[in-house]
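*Asks:* My structure file final01.pdb, PDB, C-alpha atoms, is below:
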```
ATOM      1  CA  ARG A 223      -2.057  15.945 -16.687
ATOM      2  CA  TYR A 224      -0.389  16.875 -13.415
ATOM      3  CA  HIS A 225      -0.590  14.519 -10.458
ATOM      4  CA  LYS A 226       0.631  15.546  -7.048
ATOM      5  CA  HIS A 227       3.395  13.232  -5.889
ATOM      6  CA  ILE A 228       3.726  12.412  -2.205
ATOM      7  CA  GLN A 229       7.092  11.210  -0.958
ATOM      8  CA  GLN A 230       7.219   7.751   0.645
ATOM      9  CA  VAL A 231       8.334   9.196   3.990
ATOM     10  CA  GLN A 232       5.203  11.357   4.067
ATOM     11  CA  ILE A 233       3.002   8.356   3.265
ATOM     12  CA  ASN A 234       4.642   6.394   6.102
ATOM     13  CA  HIS A 235       4.035   9.257   8.552
ATOM     14  CA  LYS A 236       0.378   9.511   7.493
ATOM     15  CA  MET A 237      -0.159   5.768   7.969
ATOM     16  CA  ILE A 238       1.480   5.836  11.402
ATOM     17  CA  ALA A 239      -0.544   8.858  12.532
ATOM     18  CA  ALA A 240      -3.796   7.320  11.253
ATOM     19  CA  ALA A 241      -3.053   3.988  12.926
ATOM     20  CA  HIS A 242      -2.449   5.697  16.268
ATOM     21  CA  GLN A 243      -5.613   7.783  15.927
ATOM     22  CA  TYR A 244      -8.068   5.271  14.460
ATOM     23  CA  LYS A 245      -6.551   1.860  15.362
ATOM     24  CA  HIS A 246      -7.669   0.297  12.027
ATOM     25  CA  VAL A 247      -6.426   1.774   8.774
ATOM     26  CA  VAL A 248      -6.611   0.546   5.187
ATOM     27  CA  ARG A 249      -3.844   1.365   2.748
ATOM     28  CA  LEU A 250      -5.465   0.565  -0.587
ATOM     29  CA  LYS A 251      -3.087   0.194  -3.497
ATOM     30  CA  GLY A 252      -3.666  -0.452  -7.156
ATOM     31  CA  GLY A 253      -2.029  -3.514  -8.635
ATOM     32  CA  ASP A 254       0.237  -5.830  -6.698
ATOM     33  CA  PRO A 255       1.646  -3.950  -3.686
ATOM     34  CA  ALA A 256       4.727  -6.154  -3.603
ATOM     35  CA  ILE A 257       5.763  -5.142  -7.125
ATOM     36  CA  PHE A 258       6.917  -1.512  -7.354
ATOM     37  CA  GLY A 259       4.644  -0.797  -4.398
ATOM     38  CA  ARG A 260       7.160   0.119  -1.710
ATOM     39  CA  VAL A 261       5.580  -2.485   0.537
ATOM     40  CA  TYR A 262       8.891  -3.150   2.308
ATOM     41  CA  GLU A 263       9.400   0.502   3.256
ATOM     42  CA  GLU A 264       5.846   0.799   4.568
ATOM     43  CA  LEU A 265       6.035  -2.432   6.565
ATOM     44  CA  GLU A 266       9.342  -1.409   8.135
ATOM     45  CA  ALA A 267       8.004   2.024   9.128
ATOM     46  CA  LEU A 268       4.944   0.450  10.757
ATOM     47  CA  LYS A 269       6.996  -2.307  12.398
ATOM     48  CA  GLN A 270       9.284   0.288  14.006
ATOM     49  CA  GLN A 271       6.182   1.783  15.635
ATOM     50  CA  ALA A 272       4.918  -1.662  16.776
ATOM     51  CA  ILE A 273       1.873  -1.336  14.516
ATOM     52  CA  GLU A 274       0.407  -4.683  13.484
ATOM     53  CA  VAL A 275      -0.024  -5.150   9.732
ATOM     54  CA  GLU A 276      -1.975  -7.551   7.553
ATOM     55  CA  ILE A 277      -1.502  -7.648   3.794
ATOM     56  CA  VAL A 278      -4.556  -8.727   1.844
ATOM     57  CA  PRO A 279      -3.464  -9.475  -1.708
ATOM     58  CA  GLY A 280      -5.644  -8.487  -4.611
ATOM     59  CA  ILE A 281      -5.897  -9.894  -8.080
ATOM     60  CA  THR A 282      -3.085  -9.575 -10.616
ATOM     61  CA  SER A 283      -3.703  -7.686 -13.832
ATOM     62  CA  ALA A 284      -3.002 -10.872 -15.820
ATOM     63  CA  SER A 285      -5.827 -12.699 -14.017
ATOM     64  CA  ALA A 286      -8.158  -9.739 -14.408
ATOM     65  CA  ALA A 287      -7.398  -9.460 -18.134
ATOM     66  CA  ALA A 288      -8.035 -13.160 -18.681
ATOM     67  CA  ALA A 289     -11.325 -12.979 -16.777
ATOM     68  CA  THR A 290     -12.417  -9.979 -18.836
ATOM     69  CA  MET A 291     -11.753 -11.927 -22.034
ATOM     70  CA  ASN A 292     -13.523 -15.032 -20.655
ATOM     71  CA  VAL A 293     -10.423 -17.228 -20.971
ATOM     72  CA  GLY A 294      -8.526 -19.302 -18.457
ATOM     73  CA  LEU A 295      -4.870 -19.016 -17.587
ATOM     74  CA  THR A 296      -4.320 -22.766 -17.370
TER
END
```
So that I can check it, write out the structure of this file as structure tokens.
*Replies:*
Amino acid sequence: RYHKHIQQVQINHKMIAAAHQYKHVVRLKGGDPAIFGRVYEELEALKQQAIEVEIVPGITSASAAAATMNVGLT
């Protein structure tokens, strides 16, 4: 199956443009954005434009898998 790939620079430009236009923008990512998520590049691009950022972490796949199987991780 073919999936269109968007370059990171294009994603950064879209986030910056949306932030200037709408003031509040959500960049929703699957998985942990700090692991293979290019979070550093995105934060730096937004920081250079003086755009305030808040990262709201989600749940790790390990925690989700354990919850699905009704077992604890500790």
*Asks:* Just give me the gap between atom CA of A:Asn234 and atom CA of A:Ser283 in Å, one decimal is fine.
*Replies:* 25.8 Å
*Asks:* Which one is closest to A:Ile281: A:Lys251, A:His227, A:Lys269, A:Lys245? Count all atoms listed in the file.
*Replies:*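 Residue with the minimum atom-to-atom distance to A:Ile281: A:Lys251.
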*Asks:* Name the residues, using the chain letters and numbers of the file, that sit within 12 Å of (-0.5, 5.0, 13.0) when counting all atoms listed in the file, and give them as an MDAnalysis selection string.
*Replies:* chainID A and resid 233:249 264:265 267:275
*Asks:* Could you take the residues named above and write them with C-alpha atoms, as a PDB file, in the frame of the given file?
*Replies:*
```
ATOM      1  CA  ILE A 233       3.002   8.356   3.265  1.00  0.00           C
ATOM      2  CA  ASN A 234       4.642   6.394   6.102  1.00  0.00           C
ATOM      3  CA  HIS A 235       4.035   9.257   8.552  1.00  0.00           C
ATOM      4  CA  LYS A 236       0.378   9.511   7.493  1.00  0.00           C
ATOM      5  CA  MET A 237      -0.159   5.768   7.969  1.00  0.00           C
ATOM      6  CA  ILE A 238       1.480   5.836  11.402  1.00  0.00           C
ATOM      7  CA  ALA A 239      -0.544   8.858  12.532  1.00  0.00           C
ATOM      8  CA  ALA A 240      -3.796   7.320  11.253  1.00  0.00           C
ATOM      9  CA  ALA A 241      -3.053   3.988  12.926  1.00  0.00           C
ATOM     10  CA  HIS A 242      -2.449   5.697  16.268  1.00  0.00           C
ATOM     11  CA  GLN A 243      -5.613   7.783  15.927  1.00  0.00           C
ATOM     12  CA  TYR A 244      -8.068   5.271  14.460  1.00  0.00           C
ATOM     13  CA  LYS A 245      -6.551   1.860  15.362  1.00  0.00           C
ATOM     14  CA  HIS A 246      -7.669   0.297  12.027  1.00  0.00           C
ATOM     15  CA  VAL A 247      -6.426   1.774   8.774  1.00  0.00           C
ATOM     16  CA  VAL A 248      -6.611   0.546   5.187  1.00  0.00           C
ATOM     17  CA  ARG A 249      -3.844   1.365   2.748  1.00  0.00           C
ATOM     18  CA  GLU A 264       5.846   0.799   4.568  1.00  0.00           C
ATOM     19  CA  LEU A 265       6.035  -2.432   6.565  1.00  0.00           C
ATOM     20  CA  ALA A 267       8.004   2.024   9.128  1.00  0.00           C
ATOM     21  CA  LEU A 268       4.944   0.450  10.757  1.00  0.00           C
ATOM     22  CA  LYS A 269       6.996  -2.307  12.398  1.00  0.00           C
ATOM     23  CA  GLN A 270       9.284   0.288  14.006  1.00  0.00           C
ATOM     24  CA  GLN A 271       6.182   1.783  15.635  1.00  0.00           C
ATOM     25  CA  ALA A 272       4.918  -1.662  16.776  1.00  0.00           C
ATOM     26  CA  ILE A 273       1.873  -1.336  14.516  1.00  0.00           C
ATOM     27  CA  GLU A 274       0.407  -4.683  13.484  1.00  0.00           C
ATOM     28  CA  VAL A 275      -0.024  -5.150   9.732  1.00  0.00           C
TER      29      VAL A 275
END
```
*Asks:* Have a look at A:Thr296, A:Ala256, A:Gln232, A:His225 and name the one nearest to A:Pro279; count all atoms listed in the file.
*Replies:*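 Looking only at the distances to A:Pro279, the closest residue turns out to be A:Ala256.
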*Asks:* Rounded to one decimal place, report the atom CA of A:Ile228-atom CA of A:Glu263 distance in Å.
*Replies:*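 Atom CA of A:Glu263 lies at a distance of 14.3 Å from atom CA of A:Ile228.
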*Asks:* To one decimal in Å, tell me the separation between atom CA of A:Ile257 and atom CA of A:Thr282.
*Replies:*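 The value is 10.5 Å.
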*Asks:* Edge lengths and centre in Å to one decimal, as AutoDock Vina command-line options, is what I'm after for the box along x, y and z that holds all listed atoms of stretch 257-269 of chain A once 5 Å is added on each side.
*Replies:*
```
--center_x 7.0 --center_y -1.6 --center_z 2.5 --size_x 14.8 --size_y 17.2 --size_z 29.8
```
